[in-house]
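Asks: Quick one: this structure, given as structure tokens, is what I'll be asking you about.
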Amino acid sequence: MSPVDNPLRGLAQIGIVLLGAAIAAVIGYGLFVEIPESTAELLGIVLALLVVGVGVKLAGNAVESLFPGYNVAEVAVEGPITRDGGGGPLPTQPGSTPADDIVEQIERADADDNVEALMVRLNTPGGEVVPSDDIRLAAEEFDGPTLAYAQDTCASGGYWIASGCDELWARDMSIVGSIGVIGSRVNASELADKIGISYERLAAGEYKDAGIPLKELEEDEREYLQSLIDDLYGNFVERVAAGRELEEKTIRDTEARIYLGEDAIELGLVDQLGTGEDVQDALVERIESDAVDVREFEPERGLQAKLRGGAASIAYSFGAGIASVLGNDGEIDIRFR
């Protein structure tokens, strides 16, 4: 019998919480009201209430441990996908959950004996390529049904992640797709000439400074960078086609367009249209249970880990086609669209 099907669970929960509260109340009253005669009674009552609160919290944790009430794990991928969870290259872009934390959540859900299925909630324009692939692999390796659910936006890197799930659901007005690659650079050579700045090359390797904004892009450099973009696009198409069981031509024919959910389903980019509740109803059938109880798994890492730094010289991003900006070393920035 699954945790949500246990008829005694509710009574056991209430009993444990009430017992924990009663014990905490007795301890708190004895410690802060009766024993210290010189302590102000009001302060004692306040402290006693605090102890009661702690007792209820501990009892609640015990209830969750002894009588888990969930059988489906939900993991959210929101905002730009990055390794460290920072915002995008533009100051106005929001931050997000670090990709490593999302992978950790999926792996923790997979190791939880109470979890029978995984629900991946997607609301992202995409992000860096390797972090996106890490999340996709974690979802693909989950032992059980995996349903991806597109909310407002499931583009590029978000769609890459969805391709690692068994099914992709979306709302009829969700934005889905954007399977393509974009590379761009700032050409500031003319501006540099006007203000008297010149570029002096000190590099080892013919293409080490390909894309530097202070010089014109040579034709062979353009061909080299375009070949990188073509290779990345081919890899993107191949993996998405395999994950979604579609022909590569079907993916290429989208030409990096975005689609509303109602159009995406006609192209086979989406399996079903529906709300989050509809996804949960579908999971009832997938895990053959009378009901599902969803628990959202959140990162266990501390603040310091969430704020960890680290910048890459070239950012490979699945994204919504925002014009790129230069990396820290001035190299060209290649992004997926």
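Numbering starts fresh at 1 for the residues of each chain in the structure tokens, the chains themselves are lettered A, B, ... in the order given, and ligands are numbered from 1 as they appear.
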Would you mind listing what lies within 12 Å of Ala188 of chain A as a ChimeraX atom specification, with only C-alpha atoms counted and same-chain residues fewer than 6 positions away left out?

Replies: /A:194-199,211-217,326,330

Asks: Could you save the residues just selected, with N, CA and C atoms, as a short mmCIF file (atom, residue, chain, number, x, y, z; two decimals), in the first residue's frame?

Replies:
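Result file is part25.cif:
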```cif
data_model
loop_
_atom_site.label_atom_id
_atom_site.label_comp_id
_atom_site.auth_asym_id
_atom_site.auth_seq_id
_atom_site.Cartn_x
_atom_site.Cartn_y
_atom_site.Cartn_z
N LYS A 194 38.66 55.10 -34.36
CA LYS A 194 38.27 56.49 -34.16
C LYS A 194 38.81 57.07 -32.86
N ILE A 195 38.90 56.24 -31.84
CA ILE A 195 39.35 56.76 -30.55
C ILE A 195 40.83 56.43 -30.29
N GLY A 196 41.49 55.91 -31.33
CA GLY A 196 42.92 55.72 -31.24
C GLY A 196 43.36 54.47 -30.50
N ILE A 197 42.53 53.43 -30.49
CA ILE A 197 42.91 52.17 -29.86
C ILE A 197 43.28 51.17 -30.95
N SER A 198 44.43 50.53 -30.80
CA SER A 198 44.86 49.53 -31.77
C SER A 198 44.98 48.18 -31.11
N TYR A 199 44.87 47.13 -31.90
CA TYR A 199 44.96 45.76 -31.39
C TYR A 199 46.31 45.17 -31.78
N GLY A 211 37.40 36.14 -33.11
CA GLY A 211 36.25 36.78 -32.48
C GLY A 211 36.58 37.96 -31.62
N ILE A 212 37.88 38.29 -31.46
CA ILE A 212 38.24 39.47 -30.69
C ILE A 212 37.59 40.70 -31.32
N PRO A 213 36.90 41.55 -30.54
CA PRO A 213 36.13 42.65 -31.13
C PRO A 213 36.96 43.78 -31.70
N LEU A 214 38.24 43.87 -31.36
CA LEU A 214 39.05 44.99 -31.81
C LEU A 214 39.67 44.77 -33.18
N LYS A 215 39.33 43.65 -33.82
CA LYS A 215 39.83 43.41 -35.18
C LYS A 215 38.73 42.82 -36.04
N GLU A 216 38.88 43.00 -37.34
CA GLU A 216 37.91 42.43 -38.27
C GLU A 216 38.03 40.90 -38.26
N LEU A 217 36.90 40.25 -38.48
CA LEU A 217 36.88 38.79 -38.52
C LEU A 217 37.34 38.32 -39.90
N LEU A 326 30.18 39.95 -24.91
CA LEU A 326 31.50 39.37 -24.85
C LEU A 326 31.75 38.67 -23.54
N GLY A 330 37.06 38.34 -23.91
CA GLY A 330 36.81 38.98 -25.19
C GLY A 330 36.56 38.04 -26.33
#
```

Asks: Choose the residue, out of A:Ala73, A:Ile175, A:Val284, A:Leu168, that has the smallest atom-to-atom separation from Thr153 of chain A; count only C-alpha atoms.

Replies: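 Ranked by minimum distance to Thr153 of chain A, first place goes to A:Ile175.
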
Asks: Have a look at atom CA of Asp84 of chain A and atom CA of Tyr159 of chain A and let me know their distance in Å, one decimal.

Replies: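 Going from atom CA of Asp84 of chain A over to atom CA of Tyr159 of chain A covers 20.0 Å.
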
Asks: Would you mind telling me which residue in A:Ile258, A:Ala210, A:Val77, A:Ile179 lies nearest to Ile106 of chain A when using only C-alpha atoms?

Replies: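 Distance minimum relative to Ile106 of chain A lands on A:Val77.
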
Asks: Pick out the residues sitting within 9 Å of segment 291-296 of chain A, and hand them over as a list in words; count only C-alpha atoms, and ignore anything fewer than 3 positions along from it in its own chain.

Replies: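 Using only C-alpha atoms, the neighbours found are Pro3, Val4, Asp5, Gly69, Tyr70, Asn71, Val72, Ala73, Glu74, Val75, Ala76, Met119, Gln280, Asp281, Leu283, Val284, Glu285, Ile287 and Glu288 of chain A.
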
Asks: Excluding same-chain residues fewer than 4 positions from segment 228-242 of chain A, what lies within 9 Å of it counting only C-alpha atoms, as a list in words?

Replies: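 Once the adjacent positions are removed, what remains is Tyr159, Trp160, Ile161, Ala162, Ser163, Gly164, Ile179, Gly180, Val181, Ile182, Gly183, Glu223, Tyr224, Leu246, Glu247, Glu248, Lys249, Thr250, Ile251, Arg252, Ile334, Arg335 and Phe336 of chain A.
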
Asks: Write out the residues from the selection above, keeping N, CA and C atoms, as a compact mmCIF listing (two decimals), in the first residue's frame.

Replies:
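This went into selection-v3.txt:
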```
# COMPACT_ATOMS: atom_id res chain seq x y z
N TYR A 159 13.86 22.53 -23.55
CA TYR A 159 13.37 21.45 -24.41
C TYR A 159 14.36 20.30 -24.44
N TRP A 160 15.65 20.63 -24.38
CA TRP A 160 16.69 19.60 -24.31
C TRP A 160 16.45 18.71 -23.09
N ILE A 161 16.16 19.33 -21.94
CA ILE A 161 15.88 18.57 -20.71
C ILE A 161 14.63 17.71 -20.89
N ALA A 162 13.59 18.29 -21.49
CA ALA A 162 12.34 17.56 -21.68
C ALA A 162 12.54 16.32 -22.54
N SER A 163 13.52 16.36 -23.44
CA SER A 163 13.76 15.21 -24.31
C SER A 163 14.30 14.01 -23.54
N GLY A 164 14.73 14.22 -22.29
CA GLY A 164 15.18 13.11 -21.46
C GLY A 164 14.07 12.51 -20.63
N ILE A 179 14.72 25.35 -31.18
CA ILE A 179 15.79 24.36 -31.31
C ILE A 179 16.75 24.85 -32.40
N GLY A 180 17.78 25.55 -32.01
CA GLY A 180 18.73 26.09 -32.97
C GLY A 180 19.94 26.66 -32.26
N VAL A 181 20.85 27.24 -33.02
CA VAL A 181 22.09 27.77 -32.47
C VAL A 181 22.34 29.16 -33.04
N ILE A 182 22.85 30.04 -32.20
CA ILE A 182 23.20 31.38 -32.67
C ILE A 182 24.57 31.76 -32.12
N GLY A 183 25.37 32.39 -32.96
CA GLY A 183 26.66 32.91 -32.52
C GLY A 183 26.79 34.34 -33.01
N GLU A 223 34.64 30.89 -40.98
CA GLU A 223 34.34 29.49 -41.31
C GLU A 223 34.58 28.57 -40.11
N TYR A 224 35.63 28.85 -39.36
CA TYR A 224 35.94 28.05 -38.16
C TYR A 224 34.84 28.17 -37.12
N LEU A 246 11.64 11.37 -32.82
CA LEU A 246 11.25 12.09 -34.03
C LEU A 246 12.35 11.98 -35.07
N GLU A 247 12.01 12.21 -36.31
CA GLU A 247 13.01 12.26 -37.36
C GLU A 247 13.83 13.55 -37.21
N GLU A 248 15.14 13.45 -37.49
CA GLU A 248 15.98 14.64 -37.41
C GLU A 248 15.49 15.72 -38.38
N LYS A 249 14.96 15.30 -39.52
CA LYS A 249 14.44 16.27 -40.48
C LYS A 249 13.30 17.08 -39.88
N THR A 250 12.47 16.42 -39.09
CA THR A 250 11.35 17.12 -38.45
C THR A 250 11.87 18.22 -37.53
N ILE A 251 12.94 17.92 -36.80
CA ILE A 251 13.52 18.92 -35.91
C ILE A 251 14.15 20.06 -36.71
N ARG A 252 14.90 19.72 -37.75
CA ARG A 252 15.55 20.75 -38.56
C ARG A 252 14.52 21.63 -39.27
N ILE A 334 29.06 31.99 -28.15
CA ILE A 334 28.18 31.16 -28.97
C ILE A 334 27.01 30.72 -28.13
N ARG A 335 25.82 30.88 -28.64
CA ARG A 335 24.62 30.53 -27.88
C ARG A 335 23.67 29.72 -28.74
N PHE A 336 22.93 28.83 -28.08
CA PHE A 336 21.90 28.06 -28.75
C PHE A 336 20.60 28.84 -28.71
```

Asks: Tell me, as a count of residues only, which residues lie within 8 Å of segment 121-138 of chain A, counting only C-alpha atoms; anything in the same chain fewer than 5 positions away does not count.

Replies: 40

Asks: By how many Å are atom CA of Asn187 of chain A and atom CA of Glu200 of chain A apart?

Replies: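 Result for atom CA of Asn187 of chain A versus atom CA of Glu200 of chain A: 15.9 Å, one decimal.
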
Asks: Could you tell me how far atom CA of Leu18 of chain A lies from atom CA of Val51 of chain A, in Å and to one decimal?

Replies: 13.8 Å
